[in-house]
Amino acid sequence: MYTQEQAKQLRKQFWTLFAKRCKAVPELQEKKKKWVLYDTKISGLDLKFDVTRQSASVMIELNHRNENKRLDLFEKLQNYRPLLEDGFENGLEWDFMYVRESGEEVCRIYTEMEGVDIHQQKQWPDIFNFFIANMLKLENNFMDIRDVLKEEL
């Protein structure tokens with residue numbers, strides 16, 4: 001078991017090593033910025049990585065404070081479901097009412113790798129590979145629809 005400070009340092013080490021691992025990815029070497037993440041150009045829509053003691057996830061998160069706007073955006077994204085899920089063998093999970101640990105409600109569209117634990121450093125290479133492969137697909141699929149989606153909003 002880790003103390004709170006040790007767990008914080010482990011997380012920091014995880015993300016530092018992940019950034020180094022990304023530098024070796026040919027598709028990322030040509031880009032000015034590694035990942036789109038928060039720079040989607042759509043208010044309340046972010047692309048995110050998450051890793052816990054139980055799983056790792058790559059997601060689109062809709063976190064607009066206004067619930068109606070958040071749900072409207074979720075509905076619009078559903079119109080593009082086949083495009084967003086392109087390349088994902090089992091599709092994506094669509095959760096219109098995900099509750100974060102903080103209690104905040106958001107919408108999430110994600111893929112998940114279960115049975116991994118950020119505290120198990122020997123699993124990190126598998127998590128890194130999962131993150132990179134799936135975020136590249138999700139980001140590319142999102143970028144294909146972003147401009148059209150922005151016009152609809």
# chains A, B, ... in the order shown; residues from 1 in each chain; ligands from 1

$ residues_around --residues "Asn68 of chain A" --least-positions-apart "6" --cutoff "12 Å" --atoms "only C-alpha atoms" --output "mmCIF file with N, CA and C atoms, in the first residue's frame"
data_model
loop_
_atom_site.group_PDB
_atom_site.id
_atom_site.type_symbol
_atom_site.label_atom_id
_atom_site.label_comp_id
_atom_site.auth_asym_id
_atom_site.auth_seq_id
_atom_site.Cartn_x
_atom_site.Cartn_y
_atom_site.Cartn_z
ATOM 1 N N GLY A 44 -16.561 22.687 -23.813
ATOM 2 C CA GLY A 44 -17.136 21.605 -23.036
ATOM 3 C C GLY A 44 -16.840 20.219 -23.571
ATOM 4 N N LEU A 62 -17.641 15.152 -22.292
ATOM 5 C CA LEU A 62 -18.458 16.348 -22.444
ATOM 6 C C LEU A 62 -18.742 16.854 -21.040
ATOM 7 N N PHE A 74 -23.926 15.627 -26.777
ATOM 8 C CA PHE A 74 -23.885 14.165 -26.758
ATOM 9 C C PHE A 74 -24.778 13.601 -27.866
ATOM 10 N N GLU A 75 -25.962 14.175 -28.001
ATOM 11 C CA GLU A 75 -26.904 13.732 -29.037
ATOM 12 C C GLU A 75 -26.339 13.976 -30.437
ATOM 13 N N PHE A 96 -24.146 8.752 -21.100
ATOM 14 C CA PHE A 96 -24.607 10.137 -21.081
ATOM 15 C C PHE A 96 -24.699 10.712 -19.667
ATOM 16 N N VAL A 106 -20.965 14.202 -16.077
ATOM 17 C CA VAL A 106 -20.437 14.472 -17.408
ATOM 18 C C VAL A 106 -20.957 13.380 -18.343
ATOM 19 N N CYS A 107 -20.752 13.571 -19.622
ATOM 20 C CA CYS A 107 -21.020 12.521 -20.605
ATOM 21 C C CYS A 107 -19.657 12.009 -21.067
#

$ residues_around --residues "Asp50 of chain A" --least-positions-apart "2" --cutoff "10 Å" --atoms "only C-alpha atoms" --output "PyMOL selection string"
chain A and resi 48+52+55-59+112+118+131

$ write_last_selection --atoms "all heavy atoms" --output "short mmCIF file (atom, residue, chain, number, x, y, z; two decimals), in the first residue's frame"
data_model
loop_
_atom_site.label_atom_id
_atom_site.label_comp_id
_atom_site.auth_asym_id
_atom_site.auth_seq_id
_atom_site.Cartn_x
_atom_site.Cartn_y
_atom_site.Cartn_z
N LYS A 48 -9.47 12.80 -23.35
CA LYS A 48 -8.74 12.55 -22.11
C LYS A 48 -8.21 11.13 -22.02
O LYS A 48 -8.77 10.20 -22.59
CB LYS A 48 -9.65 12.78 -20.90
CG LYS A 48 -10.06 14.20 -20.68
CD LYS A 48 -10.85 14.32 -19.40
CE LYS A 48 -11.09 15.78 -19.05
NZ LYS A 48 -11.72 15.91 -17.74
N THR A 52 -6.58 4.25 -13.39
CA THR A 52 -6.91 4.08 -11.98
C THR A 52 -6.29 2.77 -11.48
O THR A 52 -5.45 2.17 -12.16
CB THR A 52 -8.44 4.03 -11.77
OG1 THR A 52 -8.95 2.84 -12.39
CG2 THR A 52 -9.12 5.26 -12.34
N SER A 55 -8.50 0.23 -14.05
CA SER A 55 -8.61 0.30 -15.51
C SER A 55 -7.88 1.51 -16.08
O SER A 55 -7.45 2.39 -15.36
CB SER A 55 -10.10 0.38 -15.91
OG SER A 55 -10.66 1.59 -15.45
N ALA A 56 -7.79 1.49 -17.41
CA ALA A 56 -7.25 2.63 -18.17
C ALA A 56 -8.29 2.97 -19.23
O ALA A 56 -8.90 2.07 -19.82
CB ALA A 56 -5.92 2.27 -18.80
N SER A 57 -8.49 4.27 -19.49
CA SER A 57 -9.50 4.71 -20.45
C SER A 57 -8.97 5.81 -21.34
O SER A 57 -8.16 6.64 -20.91
CB SER A 57 -10.74 5.26 -19.72
OG SER A 57 -11.25 4.34 -18.81
N VAL A 58 -9.49 5.81 -22.56
CA VAL A 58 -9.28 6.89 -23.52
C VAL A 58 -10.67 7.36 -23.87
O VAL A 58 -11.54 6.55 -24.18
CB VAL A 58 -8.53 6.37 -24.77
CG1 VAL A 58 -8.50 7.42 -25.85
CG2 VAL A 58 -7.12 5.93 -24.40
N MET A 59 -10.91 8.69 -23.80
CA MET A 59 -12.29 9.15 -23.92
C MET A 59 -12.45 10.52 -24.54
O MET A 59 -11.52 11.32 -24.57
CB MET A 59 -12.91 9.18 -22.53
CG MET A 59 -12.39 10.30 -21.66
SD MET A 59 -12.83 10.16 -19.92
CE MET A 59 -11.62 8.97 -19.37
N GLU A 112 -12.09 1.22 -22.87
CA GLU A 112 -11.47 0.94 -21.58
C GLU A 112 -10.70 -0.37 -21.60
O GLU A 112 -11.12 -1.32 -22.23
CB GLU A 112 -12.58 0.88 -20.53
CG GLU A 112 -12.12 0.71 -19.11
CD GLU A 112 -13.29 0.84 -18.14
OE1 GLU A 112 -14.28 0.09 -18.29
OE2 GLU A 112 -13.21 1.70 -17.25
N ILE A 118 -2.55 1.26 -12.01
CA ILE A 118 -1.46 2.22 -12.10
C ILE A 118 -0.36 1.93 -11.08
O ILE A 118 0.80 2.27 -11.29
CB ILE A 118 -1.97 3.67 -11.96
CG1 ILE A 118 -0.83 4.66 -12.31
CG2 ILE A 118 -2.54 3.91 -10.58
CD1 ILE A 118 -1.25 6.09 -12.45
N PHE A 131 -3.10 3.38 -24.49
CA PHE A 131 -3.36 4.81 -24.61
C PHE A 131 -3.02 5.32 -26.01
O PHE A 131 -3.82 6.00 -26.64
CB PHE A 131 -2.51 5.60 -23.60
CG PHE A 131 -3.11 5.72 -22.22
CD1 PHE A 131 -2.35 6.29 -21.21
CD2 PHE A 131 -4.38 5.29 -21.92
CE1 PHE A 131 -2.87 6.45 -19.93
CE2 PHE A 131 -4.91 5.44 -20.64
CZ PHE A 131 -4.15 6.03 -19.65
#

$ residues_around --residues "Leu92 of chain A" --least-positions-apart "4" --cutoff "8 Å" --atoms "only C-alpha atoms" --output "PDB file with all heavy atoms, in the first residue's frame"
ATOM      1  N   GLU A  85     -16.545   5.611 -34.083  1.00  0.00           N
ATOM      2  CA  GLU A  85     -16.186   4.243 -33.701  1.00  0.00           C
ATOM      3  C   GLU A  85     -15.356   3.521 -34.755  1.00  0.00           C
ATOM      4  O   GLU A  85     -14.955   2.374 -34.537  1.00  0.00           O
ATOM      5  CB  GLU A  85     -17.448   3.442 -33.384  1.00  0.00           C
ATOM      6  CG  GLU A  85     -18.142   3.929 -32.133  1.00  0.00           C
ATOM      7  CD  GLU A  85     -19.328   3.079 -31.724  1.00  0.00           C
ATOM      8  OE1 GLU A  85     -19.839   2.289 -32.559  1.00  0.00           O
ATOM      9  OE2 GLU A  85     -19.744   3.193 -30.553  1.00  0.00           O
ATOM     10  N   PHE A  88     -12.457   0.873 -34.034  1.00  0.00           N
ATOM     11  CA  PHE A  88     -12.592   0.274 -32.704  1.00  0.00           C
ATOM     12  C   PHE A  88     -13.370  -1.026 -32.861  1.00  0.00           C
ATOM     13  O   PHE A  88     -14.579  -1.006 -33.135  1.00  0.00           O
ATOM     14  CB  PHE A  88     -13.313   1.221 -31.734  1.00  0.00           C
ATOM     15  CG  PHE A  88     -12.495   2.421 -31.346  1.00  0.00           C
ATOM     16  CD1 PHE A  88     -12.624   3.616 -32.029  1.00  0.00           C
ATOM     17  CD2 PHE A  88     -11.601   2.338 -30.298  1.00  0.00           C
ATOM     18  CE1 PHE A  88     -11.867   4.723 -31.678  1.00  0.00           C
ATOM     19  CE2 PHE A  88     -10.835   3.438 -29.933  1.00  0.00           C
ATOM     20  CZ  PHE A  88     -10.966   4.632 -30.624  1.00  0.00           C
ATOM     21  N   ILE A 109     -17.667   9.203 -23.836  1.00  0.00           N
ATOM     22  CA  ILE A 109     -17.621   8.245 -24.935  1.00  0.00           C
ATOM     23  C   ILE A 109     -16.209   7.690 -24.861  1.00  0.00           C
ATOM     24  O   ILE A 109     -15.241   8.444 -25.013  1.00  0.00           O
ATOM     25  CB  ILE A 109     -17.876   8.958 -26.282  1.00  0.00           C
ATOM     26  CG1 ILE A 109     -19.232   9.665 -26.242  1.00  0.00           C
ATOM     27  CG2 ILE A 109     -17.783   7.963 -27.428  1.00  0.00           C
ATOM     28  CD1 ILE A 109     -19.418  10.719 -27.312  1.00  0.00           C
ATOM     29  N   TYR A 110     -16.080   6.397 -24.611  1.00  0.00           N
ATOM     30  CA  TYR A 110     -14.755   5.899 -24.256  1.00  0.00           C
ATOM     31  C   TYR A 110     -14.532   4.439 -24.640  1.00  0.00           C
ATOM     32  O   TYR A 110     -15.466   3.699 -24.933  1.00  0.00           O
ATOM     33  CB  TYR A 110     -14.527   6.075 -22.764  1.00  0.00           C
ATOM     34  CG  TYR A 110     -15.463   5.261 -21.889  1.00  0.00           C
ATOM     35  CD1 TYR A 110     -15.075   4.012 -21.408  1.00  0.00           C
ATOM     36  CD2 TYR A 110     -16.726   5.723 -21.556  1.00  0.00           C
ATOM     37  CE1 TYR A 110     -15.930   3.256 -20.610  1.00  0.00           C
ATOM     38  CE2 TYR A 110     -17.576   4.984 -20.759  1.00  0.00           C
ATOM     39  CZ  TYR A 110     -17.180   3.745 -20.296  1.00  0.00           C
ATOM     40  OH  TYR A 110     -18.025   3.001 -19.521  1.00  0.00           O
ATOM     41  N   THR A 111     -13.265   4.068 -24.570  1.00  0.00           N
ATOM     42  CA  THR A 111     -12.858   2.677 -24.622  1.00  0.00           C
ATOM     43  C   THR A 111     -12.018   2.437 -23.378  1.00  0.00           C
ATOM     44  O   THR A 111     -11.336   3.350 -22.901  1.00  0.00           O
ATOM     45  CB  THR A 111     -12.094   2.331 -25.918  1.00  0.00           C
ATOM     46  OG1 THR A 111     -11.842   0.932 -25.946  1.00  0.00           O
ATOM     47  CG2 THR A 111     -10.791   3.112 -26.051  1.00  0.00           C
TER      48      THR A 111
END

$ atom_distance --atom1 "atom CA of Ala24 of chain A" --atom2 "atom CA of Lys137 of chain A"
17.3 Å

$ closest_residue --among "A:Leu84, A:Glu114, A:Asp126, A:Asn134" --to "Gln54 of chain A" --atoms "only C-alpha atoms"
A:Glu114

$ select_by_dssp --residues "segment 25-91 of chain A" --states "alpha helix (DSSP H)" --output "VMD selection string"
chain A and resid 26 to 29 67 to 78 81 to 84

$ closest_atom_pairs --of "segment 8-96 of chain A" --to "segment 100-105 of chain A" --cutoff "10 Å" --atoms "only C-alpha atoms" --output "tab-separated table"
residue	atom	partner	partner_atom	distance
A:Leu62	CA	A:Glu105	CA	9.4
A:Asn63	CA	A:Glu105	CA	7.6
A:His64	CA	A:Glu105	CA	9.5
A:Arg65	CA	A:Glu105	CA	8.9
A:Glu67	CA	A:Glu105	CA	8.6
A:Arg70	CA	A:Glu105	CA	9.9
A:Phe96	CA	A:Glu105	CA	8.8

$ write_last_selection --atoms "C-alpha atoms" --output "tab-separated table (two decimals), in the first residue's frame"
chain	number	residue	atom	x	y	z
A	62	LEU	CA	-18.46	16.35	-22.44
A	63	ASN	CA	-18.24	18.49	-19.34
A	64	HIS	CA	-20.21	21.63	-20.19
A	65	ARG	CA	-21.70	23.07	-16.99
A	67	GLU	CA	-26.72	20.11	-18.70
A	70	ARG	CA	-23.95	18.89	-22.63
A	96	PHE	CA	-24.61	10.14	-21.08

$ closest_residue --among "A:Tyr98, A:His119, A:Pro125, A:Leu17" --to "Tyr2 of chain A" --atoms "only C-alpha atoms"
A:His119

$ closest_residue --among "A:Leu28, A:Thr16, A:Gln6, A:Asp117" --to "Ala133 of chain A" --atoms "only C-alpha atoms"
A:Leu28

$ closest_residue --among "A:Glu93, A:Leu83, A:Tyr38, A:Phe128" --to "Ile145 of chain A" --atoms "only C-alpha atoms"
A:Leu83

$ closest_residue --among "A:Asp72, A:Glu152, A:Asp46, A:Asp95" --to "Leu138 of chain A" --atoms "only C-alpha atoms"
A:Asp46

$ select_by_dssp --residues "segment 53-110 of chain A" --states "strand (DSSP E or B)" --output "list in words"
Ser55, Ala56, Ser57, Val58, Met59, Ile60, Glu61, Leu62, Glu93, Trp94, Asp95, Phe96, Met97, Tyr98, Val99, Glu105, Val106, Cys107, Arg108, Ile109 and Tyr110 of chain A

$ residues_around --residues "Leu149 of chain A" --least-positions-apart "2" --cutoff "9 Å" --atoms "only C-alpha atoms" --output "mmCIF file with N, CA, C and O atoms, in the first residue's frame"
data_model
loop_
_atom_site.group_PDB
_atom_site.id
_atom_site.type_symbol
_atom_site.label_atom_id
_atom_site.label_comp_id
_atom_site.auth_asym_id
_atom_site.auth_seq_id
_atom_site.Cartn_x
_atom_site.Cartn_y
_atom_site.Cartn_z
ATOM 1 N N ILE A 42 -14.038 23.074 -29.297
ATOM 2 C CA ILE A 42 -15.461 22.958 -28.975
ATOM 3 C C ILE A 42 -15.595 23.066 -27.460
ATOM 4 O O ILE A 42 -15.052 22.238 -26.720
ATOM 5 N N LEU A 73 -24.951 18.203 -27.110
ATOM 6 C CA LEU A 73 -23.696 17.838 -27.767
ATOM 7 C C LEU A 73 -23.551 16.317 -27.838
ATOM 8 O O LEU A 73 -23.136 15.775 -28.863
ATOM 9 N N LYS A 76 -25.723 15.139 -30.629
ATOM 10 C CA LYS A 76 -25.124 15.441 -31.941
ATOM 11 C C LYS A 76 -23.990 14.458 -32.261
ATOM 12 O O LYS A 76 -23.847 14.013 -33.396
ATOM 13 N N LEU A 77 -23.188 14.125 -31.249
ATOM 14 C CA LEU A 77 -22.107 13.164 -31.466
ATOM 15 C C LEU A 77 -22.649 11.785 -31.829
ATOM 16 O O LEU A 77 -22.033 11.067 -32.616
ATOM 17 N N ILE A 145 -14.644 14.896 -37.924
ATOM 18 C CA ILE A 145 -15.990 15.465 -37.797
ATOM 19 C C ILE A 145 -16.014 16.823 -37.097
ATOM 20 O O ILE A 145 -17.059 17.469 -37.059
ATOM 21 N N ARG A 146 -14.902 17.259 -36.556
ATOM 22 C CA ARG A 146 -14.892 18.466 -35.721
ATOM 23 C C ARG A 146 -15.487 19.690 -36.411
ATOM 24 O O ARG A 146 -16.342 20.371 -35.850
ATOM 25 N N ASP A 147 -15.050 19.993 -37.609
ATOM 26 C CA ASP A 147 -15.519 21.211 -38.278
ATOM 27 C C ASP A 147 -17.022 21.176 -38.554
ATOM 28 O O ASP A 147 -17.723 22.177 -38.369
ATOM 29 N N GLU A 151 -20.051 23.590 -36.809
ATOM 30 C CA GLU A 151 -21.070 24.323 -37.571
ATOM 31 C C GLU A 151 -22.470 24.038 -37.053
ATOM 32 O O GLU A 151 -23.341 24.903 -37.105
ATOM 33 N N GLU A 152 -22.694 22.817 -36.553
ATOM 34 C CA GLU A 152 -24.015 22.435 -36.046
ATOM 35 C C GLU A 152 -24.321 23.059 -34.691
ATOM 36 O O GLU A 152 -25.480 23.128 -34.309
ATOM 37 N N LEU A 153 -23.297 23.457 -33.962
ATOM 38 C CA LEU A 153 -23.511 23.977 -32.603
ATOM 39 C C LEU A 153 -23.885 25.437 -32.560
ATOM 40 O O LEU A 153 -23.785 26.227 -33.291
#

$ decode --residues "segment 14-27 of chain A" --atoms "all heavy atoms" --output "PDB file, in the first residue's frame"
ATOM      1  N   PHE A  14       4.419   7.982 -13.685  1.00  0.00           N
ATOM      2  CA  PHE A  14       3.674   7.343 -14.764  1.00  0.00           C
ATOM      3  C   PHE A  14       3.520   8.297 -15.945  1.00  0.00           C
ATOM      4  O   PHE A  14       3.822   7.951 -17.086  1.00  0.00           O
ATOM      5  CB  PHE A  14       2.292   6.896 -14.255  1.00  0.00           C
ATOM      6  CG  PHE A  14       1.398   6.351 -15.332  1.00  0.00           C
ATOM      7  CD1 PHE A  14       1.432   5.005 -15.656  1.00  0.00           C
ATOM      8  CD2 PHE A  14       0.524   7.178 -16.028  1.00  0.00           C
ATOM      9  CE1 PHE A  14       0.615   4.495 -16.654  1.00  0.00           C
ATOM     10  CE2 PHE A  14      -0.292   6.678 -17.027  1.00  0.00           C
ATOM     11  CZ  PHE A  14      -0.243   5.336 -17.336  1.00  0.00           C
ATOM     12  N   TRP A  15       3.024   9.516 -15.688  1.00  0.00           N
ATOM     13  CA  TRP A  15       2.761  10.468 -16.773  1.00  0.00           C
ATOM     14  C   TRP A  15       4.055  10.977 -17.405  1.00  0.00           C
ATOM     15  O   TRP A  15       4.100  11.236 -18.615  1.00  0.00           O
ATOM     16  CB  TRP A  15       1.876  11.609 -16.279  1.00  0.00           C
ATOM     17  CG  TRP A  15       0.497  11.128 -15.976  1.00  0.00           C
ATOM     18  CD1 TRP A  15      -0.085  11.030 -14.753  1.00  0.00           C
ATOM     19  CD2 TRP A  15      -0.461  10.606 -16.906  1.00  0.00           C
ATOM     20  NE1 TRP A  15      -1.349  10.498 -14.864  1.00  0.00           N
ATOM     21  CE2 TRP A  15      -1.610  10.227 -16.173  1.00  0.00           C
ATOM     22  CE3 TRP A  15      -0.470  10.426 -18.287  1.00  0.00           C
ATOM     23  CZ2 TRP A  15      -2.753   9.688 -16.778  1.00  0.00           C
ATOM     24  CZ3 TRP A  15      -1.603   9.886 -18.882  1.00  0.00           C
ATOM     25  CH2 TRP A  15      -2.720   9.522 -18.139  1.00  0.00           C
ATOM     26  N   THR A  16       5.120  11.078 -16.626  1.00  0.00           N
ATOM     27  CA  THR A  16       6.421  11.478 -17.178  1.00  0.00           C
ATOM     28  C   THR A  16       6.938  10.413 -18.135  1.00  0.00           C
ATOM     29  O   THR A  16       7.394  10.724 -19.244  1.00  0.00           O
ATOM     30  CB  THR A  16       7.438  11.723 -16.038  1.00  0.00           C
ATOM     31  OG1 THR A  16       6.932  12.766 -15.189  1.00  0.00           O
ATOM     32  CG2 THR A  16       8.794  12.115 -16.576  1.00  0.00           C
ATOM     33  N   LEU A  17       6.854   9.154 -17.724  1.00  0.00           N
ATOM     34  CA  LEU A  17       7.292   8.062 -18.598  1.00  0.00           C
ATOM     35  C   LEU A  17       6.396   7.930 -19.825  1.00  0.00           C
ATOM     36  O   LEU A  17       6.872   7.614 -20.914  1.00  0.00           O
ATOM     37  CB  LEU A  17       7.342   6.740 -17.830  1.00  0.00           C
ATOM     38  CG  LEU A  17       8.485   6.606 -16.835  1.00  0.00           C
ATOM     39  CD1 LEU A  17       8.339   5.327 -16.014  1.00  0.00           C
ATOM     40  CD2 LEU A  17       9.831   6.627 -17.548  1.00  0.00           C
ATOM     41  N   PHE A  18       5.098   8.192 -19.653  1.00  0.00           N
ATOM     42  CA  PHE A  18       4.195   8.144 -20.798  1.00  0.00           C
ATOM     43  C   PHE A  18       4.582   9.214 -21.820  1.00  0.00           C
ATOM     44  O   PHE A  18       4.610   8.945 -23.033  1.00  0.00           O
ATOM     45  CB  PHE A  18       2.740   8.330 -20.350  1.00  0.00           C
ATOM     46  CG  PHE A  18       1.765   8.358 -21.498  1.00  0.00           C
ATOM     47  CD1 PHE A  18       1.643   7.271 -22.357  1.00  0.00           C
ATOM     48  CD2 PHE A  18       0.959   9.456 -21.713  1.00  0.00           C
ATOM     49  CE1 PHE A  18       0.744   7.289 -23.419  1.00  0.00           C
ATOM     50  CE2 PHE A  18       0.060   9.487 -22.763  1.00  0.00           C
ATOM     51  CZ  PHE A  18      -0.046   8.404 -23.615  1.00  0.00           C
ATOM     52  N   ALA A  19       4.905  10.401 -21.361  1.00  0.00           N
ATOM     53  CA  ALA A  19       5.331  11.476 -22.281  1.00  0.00           C
ATOM     54  C   ALA A  19       6.594  11.071 -23.032  1.00  0.00           C
ATOM     55  O   ALA A  19       6.715  11.313 -24.240  1.00  0.00           O
ATOM     56  CB  ALA A  19       5.556  12.770 -21.507  1.00  0.00           C
ATOM     57  N   LYS A  20       7.531  10.433 -22.341  1.00  0.00           N
ATOM     58  CA  LYS A  20       8.753   9.960 -23.004  1.00  0.00           C
ATOM     59  C   LYS A  20       8.427   8.877 -24.024  1.00  0.00           C
ATOM     60  O   LYS A  20       9.005   8.845 -25.110  1.00  0.00           O
ATOM     61  CB  LYS A  20       9.752   9.434 -21.973  1.00  0.00           C
ATOM     62  CG  LYS A  20      10.401  10.515 -21.156  1.00  0.00           C
ATOM     63  CD  LYS A  20      11.384   9.947 -20.159  1.00  0.00           C
ATOM     64  CE  LYS A  20      11.981  11.059 -19.303  1.00  0.00           C
ATOM     65  NZ  LYS A  20      12.864  10.534 -18.266  1.00  0.00           N
ATOM     66  N   ARG A  21       7.504   7.983 -23.683  1.00  0.00           N
ATOM     67  CA  ARG A  21       7.113   6.915 -24.597  1.00  0.00           C
ATOM     68  C   ARG A  21       6.474   7.494 -25.853  1.00  0.00           C
ATOM     69  O   ARG A  21       6.692   6.999 -26.967  1.00  0.00           O
ATOM     70  CB  ARG A  21       6.147   5.956 -23.882  1.00  0.00           C
ATOM     71  CG  ARG A  21       5.465   4.927 -24.745  1.00  0.00           C
ATOM     72  CD  ARG A  21       6.445   3.919 -25.333  1.00  0.00           C
ATOM     73  NE  ARG A  21       5.755   2.928 -26.122  1.00  0.00           N
ATOM     74  CZ  ARG A  21       5.438   3.053 -27.410  1.00  0.00           C
ATOM     75  NH1 ARG A  21       5.771   4.135 -28.064  1.00  0.00           N
ATOM     76  NH2 ARG A  21       4.796   2.088 -28.044  1.00  0.00           N
ATOM     77  N   CYS A  22       5.704   8.556 -25.703  1.00  0.00           N
ATOM     78  CA  CYS A  22       5.047   9.184 -26.847  1.00  0.00           C
ATOM     79  C   CYS A  22       6.051   9.761 -27.846  1.00  0.00           C
ATOM     80  O   CYS A  22       5.780   9.810 -29.038  1.00  0.00           O
ATOM     81  CB  CYS A  22       4.092  10.285 -26.377  1.00  0.00           C
ATOM     82  SG  CYS A  22       2.614   9.653 -25.564  1.00  0.00           S
ATOM     83  N   LYS A  23       7.202  10.178 -27.351  1.00  0.00           N
ATOM     84  CA  LYS A  23       8.226  10.747 -28.239  1.00  0.00           C
ATOM     85  C   LYS A  23       8.741   9.726 -29.250  1.00  0.00           C
ATOM     86  O   LYS A  23       9.270  10.093 -30.288  1.00  0.00           O
ATOM     87  CB  LYS A  23       9.390  11.306 -27.422  1.00  0.00           C
ATOM     88  CG  LYS A  23       9.027  12.570 -26.686  1.00  0.00           C
ATOM     89  CD  LYS A  23      10.200  13.109 -25.899  1.00  0.00           C
ATOM     90  CE  LYS A  23       9.779  14.364 -25.149  1.00  0.00           C
ATOM     91  NZ  LYS A  23      10.837  14.916 -24.340  1.00  0.00           N
ATOM     92  N   ALA A  24       8.563   8.436 -28.955  1.00  0.00           N
ATOM     93  CA  ALA A  24       9.035   7.381 -29.850  1.00  0.00           C
ATOM     94  C   ALA A  24       7.979   6.957 -30.874  1.00  0.00           C
ATOM     95  O   ALA A  24       8.243   6.100 -31.708  1.00  0.00           O
ATOM     96  CB  ALA A  24       9.468   6.168 -29.031  1.00  0.00           C
ATOM     97  N   VAL A  25       6.798   7.568 -30.824  1.00  0.00           N
ATOM     98  CA  VAL A  25       5.711   7.189 -31.727  1.00  0.00           C
ATOM     99  C   VAL A  25       5.825   7.997 -33.022  1.00  0.00           C
ATOM    100  O   VAL A  25       5.725   9.222 -32.995  1.00  0.00           O
ATOM    101  CB  VAL A  25       4.336   7.432 -31.061  1.00  0.00           C
ATOM    102  CG1 VAL A  25       3.196   7.112 -32.008  1.00  0.00           C
ATOM    103  CG2 VAL A  25       4.222   6.623 -29.777  1.00  0.00           C
ATOM    104  N   PRO A  26       6.046   7.329 -34.155  1.00  0.00           N
ATOM    105  CA  PRO A  26       6.224   8.046 -35.424  1.00  0.00           C
ATOM    106  C   PRO A  26       5.077   8.998 -35.757  1.00  0.00           C
ATOM    107  O   PRO A  26       5.322  10.115 -36.214  1.00  0.00           O
ATOM    108  CB  PRO A  26       6.313   6.926 -36.471  1.00  0.00           C
ATOM    109  CG  PRO A  26       6.757   5.728 -35.705  1.00  0.00           C
ATOM    110  CD  PRO A  26       6.187   5.879 -34.324  1.00  0.00           C
ATOM    111  N   GLU A  27       3.830   8.610 -35.508  1.00  0.00           N
ATOM    112  CA  GLU A  27       2.686   9.472 -35.830  1.00  0.00           C
ATOM    113  C   GLU A  27       2.676  10.755 -35.007  1.00  0.00           C
ATOM    114  O   GLU A  27       2.067  11.739 -35.415  1.00  0.00           O
ATOM    115  CB  GLU A  27       1.354   8.742 -35.595  1.00  0.00           C
ATOM    116  CG  GLU A  27       1.135   7.559 -36.491  1.00  0.00           C
ATOM    117  CD  GLU A  27       1.578   6.235 -35.868  1.00  0.00           C
ATOM    118  OE1 GLU A  27       2.469   6.241 -34.995  1.00  0.00           O
ATOM    119  OE2 GLU A  27       1.049   5.199 -36.268  1.00  0.00           O
TER     120      GLU A  27
END
